[in-house]
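Trainee: Pasting input.txt below, which is compact mmCIF, C-alpha atoms.
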```txt
# COMPACT_ATOMS: atom_id res chain seq x y z
CA MET A 1 -29.14 -34.46 23.46
CA GLU A 2 -29.17 -38.19 24.24
CA GLU A 3 -29.39 -38.96 20.52
CA ARG A 4 -26.36 -36.76 19.88
CA LYS A 5 -24.36 -38.50 22.62
CA GLN A 6 -25.25 -41.89 21.21
CA GLU A 7 -24.27 -40.76 17.71
CA LEU A 8 -20.89 -39.49 18.95
CA ALA A 9 -20.29 -42.71 20.88
CA GLU A 10 -20.94 -44.76 17.75
CA ILE A 11 -18.50 -42.65 15.74
CA VAL A 12 -15.76 -42.71 18.38
CA ASN A 13 -16.03 -46.48 18.79
CA ASP A 14 -16.10 -47.14 15.05
CA PRO A 15 -12.88 -48.87 13.77
CA ALA A 16 -12.62 -46.52 10.80
CA PHE A 17 -12.65 -43.47 13.08
CA ARG A 18 -10.11 -45.00 15.44
CA THR A 19 -7.81 -45.65 12.49
CA LEU A 20 -8.08 -42.01 11.48
CA LEU A 21 -7.48 -40.88 15.06
CA ARG A 22 -4.30 -42.97 15.34
CA LEU A 23 -3.16 -41.70 11.95
CA SER A 24 -3.69 -38.08 13.03
CA GLN A 25 -1.39 -38.71 15.99
CA GLN A 26 1.30 -40.16 13.75
CA LYS A 27 1.41 -37.45 11.11
CA ALA A 28 -0.26 -34.29 9.82
CA LEU A 29 -3.35 -35.27 7.85
CA THR A 30 -4.19 -33.28 4.75
CA TRP A 31 -7.79 -33.06 3.52
CA ASP A 32 -6.98 -35.09 0.40
CA GLU A 33 -5.29 -37.79 2.46
CA PHE A 34 -8.20 -37.87 4.88
CA LEU A 35 -10.70 -38.44 2.06
CA ASN A 36 -8.77 -41.53 0.94
CA HIS A 37 -9.63 -43.36 4.17
CA PRO A 38 -12.91 -45.14 5.03
CA LEU A 39 -15.31 -43.17 7.23
CA PRO A 40 -17.81 -44.39 9.85
CA PRO A 41 -21.22 -45.20 8.33
CA ARG A 42 -23.85 -42.48 8.03
CA THR A 43 -21.32 -39.67 8.57
CA SER A 44 -20.19 -36.82 6.34
CA PRO A 45 -16.48 -36.12 5.78
CA LEU A 46 -16.76 -32.67 7.36
CA SER A 47 -18.40 -33.99 10.54
CA VAL A 48 -15.66 -36.59 11.04
CA TRP A 49 -12.95 -34.04 10.21
CA SER A 50 -14.43 -31.61 12.77
CA LEU A 51 -14.53 -34.30 15.45
CA LEU A 52 -10.87 -35.14 14.83
CA GLU A 53 -10.08 -31.44 15.15
CA SER A 54 -11.98 -31.14 18.44
CA ILE A 55 -10.03 -34.04 19.93
CA GLY A 56 -6.78 -32.68 18.52
CA ALA A 57 -7.43 -29.23 19.99
CA CYS A 58 -7.83 -30.76 23.47
CA MET A 59 -4.54 -32.65 23.19
CA GLY A 60 -2.54 -30.20 21.07
CA VAL A 61 -0.08 -27.39 21.72
CA GLN A 62 -2.00 -24.16 22.26
CA LEU A 63 -0.64 -21.15 20.38
CA PHE A 64 -2.79 -18.02 20.61
CA SER A 65 -6.30 -16.81 19.94
CA ASP A 66 -7.27 -14.45 17.14
CA LYS A 67 -10.44 -12.43 17.79
CA GLU A 68 -11.46 -12.85 14.18
CA LEU A 69 -10.24 -16.39 13.42
CA GLY A 70 -10.41 -18.04 16.86
CA PRO A 71 -7.80 -20.15 18.72
CA PHE A 72 -4.82 -21.74 16.98
CA TRP A 73 -3.07 -24.96 17.95
CA TYR A 74 -1.22 -27.94 16.49
CA ARG A 75 -0.61 -31.60 17.28
CA ARG A 76 2.88 -32.74 18.23
CA THR A 77 2.63 -35.75 15.93
CA HIS A 78 5.29 -38.48 15.86
CA GLU A 79 6.34 -37.20 12.45
CA LEU A 80 6.72 -33.61 13.67
CA ASP A 81 8.57 -34.66 16.83
CA ASP A 82 11.04 -36.65 14.75
CA LEU A 83 11.62 -33.66 12.48
CA VAL A 84 12.15 -31.26 15.38
CA ARG A 85 14.60 -33.62 17.11
CA ALA A 86 16.56 -34.06 13.87
CA ILE A 87 16.77 -30.27 13.44
CA GLU A 88 17.93 -29.87 17.05
CA CYS A 89 20.73 -32.40 16.49
CA ARG A 90 21.87 -30.87 13.20
CA SER A 91 21.76 -27.23 14.33
CA GLY A 92 22.73 -27.42 18.01
CA LEU A 93 25.79 -25.78 19.53
CA SER A 94 27.70 -29.08 19.38
CA SER A 95 26.67 -29.91 15.79
CA ALA A 96 29.15 -30.25 12.94
CA LEU A 97 27.33 -27.52 11.01
CA HIS A 98 27.64 -25.08 13.93
CA LYS A 99 31.38 -25.72 14.13
CA ALA A 100 31.76 -25.35 10.37
CA ILE A 101 29.80 -22.11 10.21
CA PHE A 102 31.15 -20.31 13.25
CA SER A 103 34.75 -21.49 13.39
CA ARG A 104 35.61 -21.77 9.70
CA MET A 105 33.08 -19.72 7.72
CA ASP A 106 34.60 -16.82 5.79
CA ARG A 107 32.96 -13.58 4.71
CA THR A 108 32.07 -14.86 1.25
CA PHE A 109 30.20 -17.88 2.58
CA ALA A 110 28.40 -15.80 5.22
CA MET A 111 27.41 -13.19 2.65
CA GLY A 112 26.15 -15.92 0.34
CA LEU A 113 23.80 -17.17 3.05
CA ARG A 114 22.50 -13.66 3.72
CA LEU A 115 22.02 -13.00 0.02
CA SER A 116 20.07 -16.21 -0.41
CA GLU A 117 17.79 -15.29 2.51
CA ALA A 118 17.28 -11.69 1.38
CA LYS A 119 16.47 -12.62 -2.22
CA ALA A 120 13.95 -15.22 -1.08
CA ALA A 121 12.34 -12.78 1.38
CA ALA A 122 11.98 -10.30 -1.48
CA ARG A 123 10.24 -12.91 -3.65
CA LEU A 124 7.96 -13.90 -0.78
CA GLY A 125 7.08 -10.20 -0.46
CA ARG A 126 6.33 -10.04 -4.21
CA PHE A 127 9.27 -7.70 -4.85
CA ASP A 128 10.43 -7.43 -8.44
CA ILE A 129 14.23 -7.30 -8.16
CA ASP A 130 17.16 -8.00 -10.47
CA GLU A 131 19.06 -10.55 -8.39
CA GLU A 132 22.32 -10.26 -10.33
CA ARG A 133 22.28 -6.48 -9.99
CA LEU A 134 21.52 -6.79 -6.27
CA GLU A 135 24.47 -9.14 -5.82
CA MET A 136 26.76 -6.76 -7.69
CA HIS A 137 25.81 -3.89 -5.38
CA VAL A 138 26.13 -6.00 -2.24
CA TRP A 139 29.56 -7.36 -3.13
CA SER A 140 30.84 -3.92 -4.17
CA GLY A 141 29.31 -2.21 -1.12
CA THR A 142 27.35 0.32 -3.19
CA PRO A 143 23.67 1.16 -2.49
CA PRO A 144 21.26 0.05 -5.26
CA GLU A 145 19.28 2.76 -7.02
CA ASN A 146 16.20 0.55 -7.43
CA PRO A 147 14.15 1.00 -4.22
CA MET A 148 13.12 -2.67 -3.97
CA GLU A 149 16.73 -3.74 -4.34
CA ARG A 150 17.75 -1.07 -1.83
CA ILE A 151 15.40 -2.64 0.73
CA ALA A 152 16.86 -6.09 0.06
CA ALA A 153 20.41 -4.72 0.43
CA ASN A 154 19.41 -2.97 3.66
CA ALA A 155 18.03 -6.30 4.94
CA ILE A 156 21.45 -7.91 4.39
CA CYS A 157 23.17 -5.12 6.33
CA ILE A 158 20.72 -5.45 9.22
CA ASP A 159 21.10 -9.23 9.15
CA ALA A 160 24.86 -8.87 9.63
CA ASP A 161 24.28 -6.70 12.73
CA LEU A 162 21.34 -8.55 14.29
CA THR A 163 23.26 -9.37 17.47
CA MET A 164 22.92 -5.72 18.50
CA PHE A 165 19.18 -6.39 19.05
CA ALA A 166 19.63 -9.74 20.83
CA GLU A 167 19.05 -8.35 24.34
CA GLU A 168 15.94 -6.36 23.42
CA PRO A 169 12.47 -7.90 23.88
CA PHE A 170 10.20 -8.04 20.86
CA SER A 171 8.16 -4.85 20.79
CA ARG A 172 6.46 -2.41 18.45
CA ASP A 173 9.51 -0.16 18.79
CA LEU A 174 11.86 -2.98 17.75
CA LEU A 175 9.81 -3.82 14.66
CA ALA A 176 9.52 -0.11 13.87
CA GLU A 177 13.31 0.21 14.07
CA LEU A 178 13.76 -2.73 11.71
CA ARG A 179 11.25 -1.13 9.34
CA ARG A 180 13.04 2.23 9.53
CA ARG A 181 16.38 0.62 8.68
CA LEU A 182 14.88 -1.38 5.85
CA LEU A 183 13.50 1.80 4.30
CA ASP A 184 16.74 3.76 4.71
CA GLY A 185 17.41 5.58 1.45
CA VAL A 186 13.91 4.84 0.11
CA SER A 187 11.68 7.88 -0.42
CA ASN A 188 8.10 8.01 0.85
CA GLU A 189 6.90 8.09 -2.77
CA ASP A 190 8.85 4.94 -3.60
CA ALA A 191 7.58 3.24 -0.45
CA ASP A 192 3.99 4.05 -1.44
CA ARG A 193 4.61 2.76 -4.96
CA ILE A 194 6.05 -0.49 -3.58
CA SER A 195 2.97 -0.89 -1.37
CA THR A 196 0.77 -0.62 -4.45
CA LEU A 197 2.88 -2.95 -6.59
CA THR A 198 3.02 -5.62 -3.87
CA LYS A 199 -0.72 -5.25 -3.21
CA ASN A 200 -0.07 -3.94 0.26
CA GLY A 201 -1.75 -0.59 0.07
CA PRO A 202 -3.50 1.40 2.82
CA ILE A 203 -6.15 -0.49 4.82
CA ASP A 204 -9.36 0.76 6.38
CA GLU A 205 -9.70 1.50 10.09
CA GLU A 206 -11.35 -1.83 10.98
CA SER A 207 -8.70 -3.84 9.10
CA TRP A 208 -5.98 -1.79 10.75
CA LYS A 209 -7.47 -2.57 14.18
CA THR A 210 -7.42 -6.30 13.38
CA ALA A 211 -3.81 -6.11 12.18
CA ASP A 212 -2.85 -4.18 15.30
CA GLU A 213 -4.40 -6.85 17.53
CA ARG A 214 -2.54 -9.57 15.61
CA LEU A 215 0.71 -7.69 16.10
CA GLU A 216 0.05 -7.63 19.84
CA TYR A 217 -0.37 -11.40 20.15
CA VAL A 218 2.63 -12.02 17.90
CA LEU A 219 4.77 -9.91 20.24
CA ASP A 220 3.44 -11.74 23.31
CA TYR A 221 4.07 -15.07 21.60
CA ALA A 222 7.63 -14.09 20.62
CA ASN A 223 8.39 -12.92 24.16
CA GLY A 224 7.42 -16.24 25.73
CA ALA A 225 3.66 -16.23 26.40
CA ARG A 226 3.19 -19.71 24.92
CA ASP A 227 2.51 -23.36 25.66
CA ALA A 228 5.40 -25.16 27.37
CA GLY A 229 5.14 -27.91 24.74
CA ASP A 230 5.84 -25.50 21.89
CA SER A 231 9.25 -25.87 20.22
CA PRO A 232 11.41 -22.73 19.78
CA ILE A 233 12.39 -24.10 16.37
CA LEU A 234 8.77 -23.84 15.24
CA VAL A 235 8.08 -20.59 17.10
CA GLY A 236 10.60 -18.59 15.05
CA SER A 237 9.15 -19.84 11.78
CA LEU A 238 5.56 -19.14 12.83
CA ILE A 239 6.44 -15.59 13.90
CA ALA A 240 7.80 -14.95 10.41
CA ASP A 241 4.77 -16.50 8.72
CA ILE A 242 2.28 -14.36 10.66
CA ILE A 243 4.14 -11.09 10.09
CA ARG A 244 4.52 -11.84 6.39
CA GLN A 245 1.06 -13.28 5.73
CA HIS A 246 -0.85 -10.52 7.53
CA GLN A 247 1.59 -7.81 6.38
CA LEU A 248 1.85 -6.45 9.91
CA VAL A 249 4.52 -3.84 9.11
CA GLY A 250 3.46 -2.72 5.65
CA ALA A 251 5.40 -3.09 2.42
CA VAL A 252 8.52 -4.49 4.12
CA SER A 253 6.65 -7.18 6.07
CA ALA A 254 8.45 -10.05 4.30
CA GLN A 255 11.89 -8.64 5.11
CA THR A 256 10.86 -7.83 8.68
CA ALA A 257 9.47 -11.36 9.05
CA SER A 258 12.79 -12.87 7.98
CA LEU A 259 14.80 -10.68 10.35
CA ALA A 260 12.38 -11.27 13.25
CA ALA A 261 12.68 -15.05 12.89
CA ARG A 262 16.48 -14.91 12.72
CA LEU A 263 16.55 -12.60 15.74
CA PHE A 264 14.29 -14.99 17.66
CA TYR A 265 16.71 -17.86 16.96
CA LEU A 266 19.65 -15.74 18.13
CA LYS A 267 17.83 -14.95 21.37
CA HIS A 268 17.14 -18.64 22.00
CA ARG A 269 20.68 -19.92 21.42
CA LEU A 270 19.92 -21.34 17.98
CA PRO A 271 22.55 -19.41 15.98
CA VAL A 272 22.67 -21.91 13.10
CA LEU A 273 18.99 -21.29 12.38
CA ALA A 274 19.73 -17.57 12.47
CA VAL A 275 22.00 -17.87 9.43
CA VAL A 276 20.64 -20.68 7.23
CA PRO A 277 18.35 -19.38 4.44
CA ILE A 278 14.99 -20.70 5.69
CA SER A 279 13.07 -18.19 3.55
CA HIS A 280 14.76 -19.68 0.49
CA ALA A 281 13.36 -23.12 1.30
CA ARG A 282 9.93 -21.61 2.06
CA GLN A 283 9.91 -19.68 -1.19
CA ARG A 284 10.79 -22.80 -3.18
CA TRP A 285 8.01 -24.70 -1.43
CA ASP A 286 5.56 -21.90 -2.27
CA GLU A 287 6.60 -22.17 -5.92
CA GLY A 288 6.40 -25.97 -5.88
CA THR A 289 10.11 -26.40 -6.63
CA LEU A 290 11.39 -27.76 -3.32
CA ASN A 291 13.27 -30.91 -4.23
CA SER A 292 12.82 -32.86 -1.02
CA ARG A 293 9.57 -34.60 -0.19
CA THR A 294 7.23 -32.50 1.97
CA ARG A 295 3.96 -33.33 3.66
CA CYS A 296 2.02 -31.80 0.79
CA ARG A 297 2.19 -29.37 -2.10
CA PRO A 298 0.88 -25.78 -1.83
CA GLU A 299 -2.50 -26.56 -3.44
CA GLN A 300 -3.12 -29.46 -1.02
CA TYR A 301 -2.11 -27.22 1.88
CA ARG A 302 -4.58 -24.53 0.84
CA SER A 303 -7.33 -27.13 0.48
CA THR A 304 -6.61 -28.38 4.00
CA LEU A 305 -6.31 -24.93 5.56
CA HIS A 306 -9.65 -23.94 4.05
CA ARG A 307 -11.34 -26.68 6.12
CA ALA A 308 -9.21 -26.39 9.26
CA HIS A 309 -10.47 -24.35 12.19
CA GLY A 310 -7.31 -23.29 13.96
CA ASP A 311 -5.43 -26.56 13.33
CA LEU A 312 -1.89 -25.65 12.21
CA THR A 313 -0.46 -29.18 12.31
CA VAL A 314 0.09 -29.33 8.56
CA HIS A 315 1.49 -25.79 8.58
CA GLN A 316 3.99 -26.55 11.37
CA THR A 317 5.06 -29.78 9.68
CA ILE A 318 5.77 -27.97 6.40
CA SER A 319 7.69 -25.30 8.36
CA ALA A 320 9.86 -27.98 9.97
CA GLU A 321 10.46 -29.58 6.57
CA CYS A 322 11.54 -26.22 5.12
CA ILE A 323 13.95 -25.67 8.02
CA ASP A 324 15.29 -29.19 7.48
CA GLU A 325 15.80 -28.44 3.78
CA ALA A 326 17.58 -25.14 4.56
CA LEU A 327 19.96 -27.03 6.86
CA LYS A 328 20.62 -29.64 4.19
CA GLU A 329 21.33 -26.98 1.57
CA THR A 330 23.78 -25.20 3.90
CA GLU A 331 25.46 -28.47 4.88
CA ASP A 332 25.98 -29.34 1.21
CA ASN A 333 27.41 -25.90 0.46
CA ALA A 334 29.71 -26.07 3.49
CA LYS A 335 30.98 -29.52 2.49
CA GLU A 336 31.72 -28.27 -1.02
CA LEU A 337 33.49 -25.17 0.29
CA PHE A 338 35.60 -26.93 2.90
CA GLY A 339 36.30 -29.89 0.64
CA ARG A 340 37.63 -27.50 -2.00
CA ASP A 341 39.60 -25.68 0.70
CA ARG A 342 41.32 -28.91 1.73
CA ILE A 343 42.25 -29.69 -1.88
CA VAL A 344 43.67 -26.20 -2.37
CA ARG A 345 45.66 -26.28 0.87
CA LYS A 346 47.12 -29.65 -0.07
CA SER A 347 48.07 -28.33 -3.50
CA LEU A 348 49.59 -25.15 -2.08
CA ALA A 349 51.56 -27.07 0.53
CA ALA A 350 53.32 -28.96 -2.26
CA ASP A 351 54.14 -25.78 -4.20
CA ALA A 352 57.68 -24.69 -3.31
CA ARG A 353 57.17 -21.26 -4.88
CA PHE A 354 55.26 -20.00 -1.84
CA ASN A 355 56.07 -19.64 1.84
CA ASN A 356 53.48 -20.44 4.53
CA ARG A 357 52.37 -16.80 4.80
CA GLN A 358 51.78 -16.57 1.05
CA ARG A 359 49.88 -19.85 1.10
CA SER A 360 47.48 -18.35 3.66
CA ILE A 361 46.93 -15.35 1.36
CA LEU A 362 46.26 -17.56 -1.65
CA ALA A 363 43.96 -19.90 0.29
CA ARG A 364 41.84 -16.96 1.41
CA ALA A 365 41.82 -15.50 -2.09
CA LEU A 366 40.53 -18.82 -3.43
CA ARG A 367 37.77 -18.95 -0.81
CA SER A 368 36.90 -15.25 -1.20
CA PRO A 369 37.74 -14.00 -4.71
CA ILE A 370 36.62 -10.46 -3.79
CA ALA A 371 38.65 -10.27 -0.57
CA GLU A 372 40.92 -7.29 0.06
CA PHE A 373 44.46 -7.74 1.42
CA HIS A 374 46.37 -5.11 3.38
CA ILE A 375 50.11 -5.14 4.08
CA ARG A 376 49.70 -3.80 7.62
CA TYR A 377 47.21 -6.47 8.62
CA HIS A 378 49.44 -9.20 7.12
CA GLN A 379 52.42 -7.79 9.03
CA GLU A 380 50.63 -7.80 12.38
CA LYS A 381 49.04 -11.21 11.84
CA HIS A 382 52.38 -12.91 11.21
CA CYS A 383 54.55 -10.69 13.46
CA ILE A 384 56.92 -9.77 10.65
CA SER A 385 58.50 -6.55 9.42
CA TYR A 386 56.62 -4.28 7.04
CA ALA A 387 59.24 -4.91 4.34
CA THR A 388 58.80 -8.70 4.63
CA ALA A 389 55.01 -8.39 4.54
CA ARG A 390 55.22 -6.17 1.46
CA ARG A 391 57.56 -8.62 -0.25
CA ASP A 392 55.04 -11.46 0.25
CA PHE A 393 52.46 -9.50 -1.73
CA VAL A 394 54.83 -8.15 -4.38
CA GLU A 395 56.05 -11.67 -5.21
CA LEU A 396 52.45 -12.91 -5.58
CA GLU A 397 51.68 -9.90 -7.77
CA LYS A 398 54.68 -10.66 -10.00
CA ALA A 399 53.46 -14.26 -10.27
CA GLY A 400 50.14 -12.92 -11.58
CA TYR A 401 47.89 -14.06 -8.73
CA LEU A 402 47.33 -10.63 -7.16
CA ARG A 403 46.87 -7.10 -8.46
CA THR A 404 47.31 -3.87 -6.55
CA GLU A 405 45.33 -0.64 -6.30
CA GLN A 406 46.30 2.56 -4.56
CA ARG A 407 43.82 3.71 -1.96
CA GLY A 408 44.77 7.04 -0.47
CA LYS A 409 48.41 6.79 0.58
CA GLY A 410 48.32 3.01 0.87
CA PHE A 411 47.91 -0.03 -1.36
CA VAL A 412 45.28 -2.76 -1.41
CA PHE A 413 45.74 -6.14 -3.09
CA PHE A 414 43.07 -8.24 -4.84
CA ALA A 415 43.00 -11.67 -6.49
CA THR A 416 43.25 -11.84 -10.27
CA GLU A 417 41.48 -14.26 -12.57
CA ARG A 418 44.60 -16.44 -12.54
CA ILE A 419 43.87 -17.42 -8.92
CA GLY A 420 41.54 -20.13 -10.26
CA GLU A 421 44.51 -21.89 -11.86
CA LEU A 422 45.68 -22.92 -8.39
CA TYR A 423 42.43 -24.74 -7.76
CA SER A 424 42.55 -26.36 -11.19
CA ALA A 425 46.07 -27.54 -10.48
CA GLY A 426 44.86 -29.11 -7.22
```
Any chance you could give the structure as structure tokens?
Mentor:
Amino acid sequence: MEERKQELAEIVNDPAFRTLLRLSQQKALTWDEFLNHPLPPRTSPLSVWSLLESIGACMGVQLFSDKELGPFWYRRTHELDDLVRAIECRSGLSSALHKAIFSRMDRTFAMGLRLSEAKAAARLGRFDIDEERLEMHVWSGTPPENPMERIAANAICIDADLTMFAEEPFSRDLLAELRRRLLDGVSNEDADRISTLTKNGPIDEESWKTADERLEYVLDYANGARDAGDSPILVGSLIADIIRQHQLVGAVSAQTASLAARLFYLKHRLPVLAVVPISHARQRWDEGTLNSRTRCRPEQYRSTLHRAHGDLTVHQTISAECIDEALKETEDNAKELFGRDRIVRKSLAADARFNNRQRSILARALRSPIAEFHIRYHQEKHCISYATARRDFVELEKAGYLRTEQRGKGFVFFATERIGELYSAG
């Protein structure tokens, strides 16, 4: 025992170890990065790595304990703290992105975000879907015949109505309801086939027991049984990762994971994170195509995780980087959309052919080419007579920018391909 104490004291006091210890407090260390640094004499890499982990576990944020895998934790490194603070600033209720999304975002932009999330969740769940066909069905409001695409379309519908679950605690019943809605219109035979194709078939009793226990601690974690130092930004992402990785709700685990994370962010007053496509950034990282620099690539992550015993510091850092990338992508898209909107409005304002009411119709048609326009709504919005409202649309139809369809006893107007000429002119 005395020899062991002396050995540990020599390692802890060694300059090389102290350098590694300081480095581990600054950023998440990968195994490959660790091996590039000098080690104390007469020590093996694994022994030094394990000692760093033991110290980190004492100082880190405690997450939960898995009966099979042991306790999980992560270090709040300087790097991770900086990332979390940056995400808080860019996604908070007073952020420019929040104002852009929730005061100016139209249906097309919102649907685009949901589509991006749903398609990425499908890929993370190993679903084989035709993305163009899925988009066609979603935009037209028709249910896809392909069962995998039907599940993705159902996920988008649930996503749009997530606020209805915001007051409910996370529970088995809540996840079961999400699963039921995801499988709406999908036969039991198709669900079984999807389970086989995605390698998520039936599990034995012992494996089921382990999965059931994991589901229990995920629910406790989501409902607030966690370390006070844990960041809600990271909690939502970790909830999704556990549900998806351990396939806790069967074949639709990836879609349920996405919805659970977005619901968590809604519950914790982080609405921006509930709409940006975080799964899209995660999926691109998994495929090695994420453009921005991340802590490590997937193969380096797997090499590190293989040697880590409950240390999720690298995992949480990558999660924060994916959230940061999802915010950046949404910010860029919003700037493009609203920049184009300003150009169009300026162009329309100078066009004497249109009155202000018609300019509002054309501006919306340019933002949302699939939008529907109704005379009655236009009349009430502008407090004008029905005849005046109808004339606004008829004049735009004669100019070639709108077309009309009869729906029942009424008429609905849509943009034509010529609508793009207005943007070109701007």
Trainee: If you count all atoms listed in the file, which residues fall within 10 Å of Arg357 (chain A), apart from same-chain ones fewer than 6 positions away, as a ChimeraX atom specification?
Mentor: /A:378-379,381-382,389,392-393
Trainee: Do you know which residues lie at most 12 Å from (5.4, 2.1, -0.5), with coordinates as in the file and all atoms listed in the file counted, and could you write them as a PyMOL selection string?
Mentor: chain A and resi 127+147-148+151+179+182-183+186-202+249-253
Trainee: If we count only C-alpha atoms and set the cut-off at 10 Å, which residues sit around Phe102 (chain A), ignoring sequence neighbours fewer than 5 positions away in its own chain? Please answer as a VMD selection string.
Mentor: chain A and resid 93 97 110 271 to 272
Trainee: Nearest to Ser50 (chain A) among A:Arg107, A:Arg293, A:Arg244, A:His309, with distances taken over only C-alpha atoms: which residue is it?
Mentor: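 Result for the nearest residue to Ser50 (chain A): A:His309.
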Trainee: Go through region 87-122 of chain A and flag each residue having an atom no more than 12 Å from region 319-324 of chain A; for those, report the closest pair of atoms plus their distance in Å to one decimal, using all atoms listed in the file, ordered by chain and rising number, as a tab-separated table.
Mentor:
```
residue	atom	partner	partner_atom	distance
A:Ile87	CA	A:Asp324	CA	6.2
A:Glu88	CA	A:Asp324	CA	10.0
A:Cys89	CA	A:Asp324	CA	11.0
A:Arg90	CA	A:Asp324	CA	8.9
A:Ser91	CA	A:Asp324	CA	9.6
```
Trainee: Measuring atom to atom with only C-alpha atoms, identify which of A:Arg367, A:Lys67, A:Arg75, A:Arg133 is nearest to Glu213 (chain A).
Mentor: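 Comparing A:Arg367, A:Lys67, A:Arg75, A:Arg133 against Glu213 (chain A), the winner is A:Lys67.
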Trainee: Looking at A:Val276, A:Leu312, A:Ile233, A:Cys157, which one is nearest to Arg85 (chain A), with distances taken over all atoms listed in the file?
Mentor: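 So, comparing all the options, the nearest one is A:Ile233.
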Trainee: Show which residues sit within 8 Å of Ala257 (chain A), as a list in words. Count all atoms listed in the file, and ignore same-chain residues fewer than 2 positions away.
Mentor: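 Here the answer would be Ile239, Ala240, Asp241, Ile242, Ile243, Arg244, Ser253, Ala254, Gln255, Leu259, Ala260 and Ala261 of chain A.
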Trainee: Just write the chosen residues, C-alpha atoms, as a PDB file, keeping the file's coordinate frame.
Mentor:
```pdb
ATOM      1  CA  ILE A 239       6.440 -15.590  13.900  1.00  0.00           C
ATOM      2  CA  ALA A 240       7.800 -14.950  10.410  1.00  0.00           C
ATOM      3  CA  ASP A 241       4.770 -16.500   8.720  1.00  0.00           C
ATOM      4  CA  ILE A 242       2.280 -14.360  10.660  1.00  0.00           C
ATOM      5  CA  ILE A 243       4.140 -11.090  10.090  1.00  0.00           C
ATOM      6  CA  ARG A 244       4.520 -11.840   6.390  1.00  0.00           C
ATOM      7  CA  SER A 253       6.650  -7.180   6.070  1.00  0.00           C
ATOM      8  CA  ALA A 254       8.450 -10.050   4.300  1.00  0.00           C
ATOM      9  CA  GLN A 255      11.890  -8.640   5.110  1.00  0.00           C
ATOM     10  CA  LEU A 259      14.800 -10.680  10.350  1.00  0.00           C
ATOM     11  CA  ALA A 260      12.380 -11.270  13.250  1.00  0.00           C
ATOM     12  CA  ALA A 261      12.680 -15.050  12.890  1.00  0.00           C
TER      13      ALA A 261
END
```
Trainee: Just give me the gap between CA of Lys27 (chain A) and CA of Thr330 (chain A) in Å, one decimal is fine.
Mentor: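 It comes out at 26.5 Å.
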Trainee: Find the spatial neighbours of Leu215 (chain A), counting all atoms listed in the file, within a cut-off of 8 Å - ignore same-chain residues fewer than 4 positions away - and output them as a ChimeraX atom specification.
Mentor: /A:211,219,243,248
Trainee: Give the answer as one residue: which of A:Cys58, A:Val412, A:Ala363, A:Ala28 has the shortest atom-to-atom distance to Pro71 (chain A), using all atoms listed in the file?
Mentor: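 Of A:Cys58, A:Val412, A:Ala363, A:Ala28, the one nearest Pro71 (chain A) is A:Cys58, counting all atoms listed in the file.
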Trainee: Which polymer residues have any atom within 8 Å of an atom of Leu362 (chain A), counting only C-alpha atoms, with same-chain residues fewer than 4 positions away left out, as a PyMOL selection string?
Mentor: chain A and resi 358+366+419
Trainee: Point out the residue among A:Glu405, A:Asp82, A:Asp212, A:Asp220 with the least atom-to-atom distance to Gln247 (chain A), counting only C-alpha atoms.
Mentor: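 With only C-alpha atoms as the atom set, the closest residue is A:Asp212.
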Trainee: Hey, can you check how far CA of Thr289 (chain A) sits from CA of Gly125 (chain A)?
Mentor: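 These atoms are spaced 17.6 Å apart.
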Trainee: Can you rebuild region 46-55 of chain A with N, CA and C atoms and give it as a CSV table (one decimal), keeping the file's coordinate frame?
Mentor:
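Output saved as out-v2.csv:
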```csv
chain,number,residue,atom,x,y,z
A,46,LEU,N,-17.0,-33.9,6.5
A,46,LEU,CA,-16.8,-32.7,7.4
A,46,LEU,C,-17.1,-32.9,8.8
A,47,SER,N,-18.1,-33.7,9.1
A,47,SER,CA,-18.4,-34.0,10.5
A,47,SER,C,-17.3,-34.8,11.2
A,48,VAL,N,-16.7,-35.8,10.5
A,48,VAL,CA,-15.7,-36.6,11.0
A,48,VAL,C,-14.4,-35.7,11.2
A,49,TRP,N,-14.1,-34.9,10.2
A,49,TRP,CA,-13.0,-34.0,10.2
A,49,TRP,C,-13.0,-33.1,11.4
A,50,SER,N,-14.2,-32.5,11.6
A,50,SER,CA,-14.4,-31.6,12.8
A,50,SER,C,-14.2,-32.3,14.1
A,51,LEU,N,-14.7,-33.6,14.2
A,51,LEU,CA,-14.5,-34.3,15.4
A,51,LEU,C,-13.1,-34.6,15.7
A,52,LEU,N,-12.3,-34.9,14.7
A,52,LEU,CA,-10.9,-35.1,14.8
A,52,LEU,C,-10.2,-33.8,15.3
A,53,GLU,N,-10.6,-32.7,14.7
A,53,GLU,CA,-10.1,-31.4,15.2
A,53,GLU,C,-10.4,-31.1,16.6
A,54,SER,N,-11.6,-31.4,17.1
A,54,SER,CA,-12.0,-31.1,18.4
A,54,SER,C,-11.1,-31.9,19.4
A,55,ILE,N,-10.9,-33.2,19.1
A,55,ILE,CA,-10.0,-34.0,19.9
A,55,ILE,C,-8.6,-33.5,19.9
```
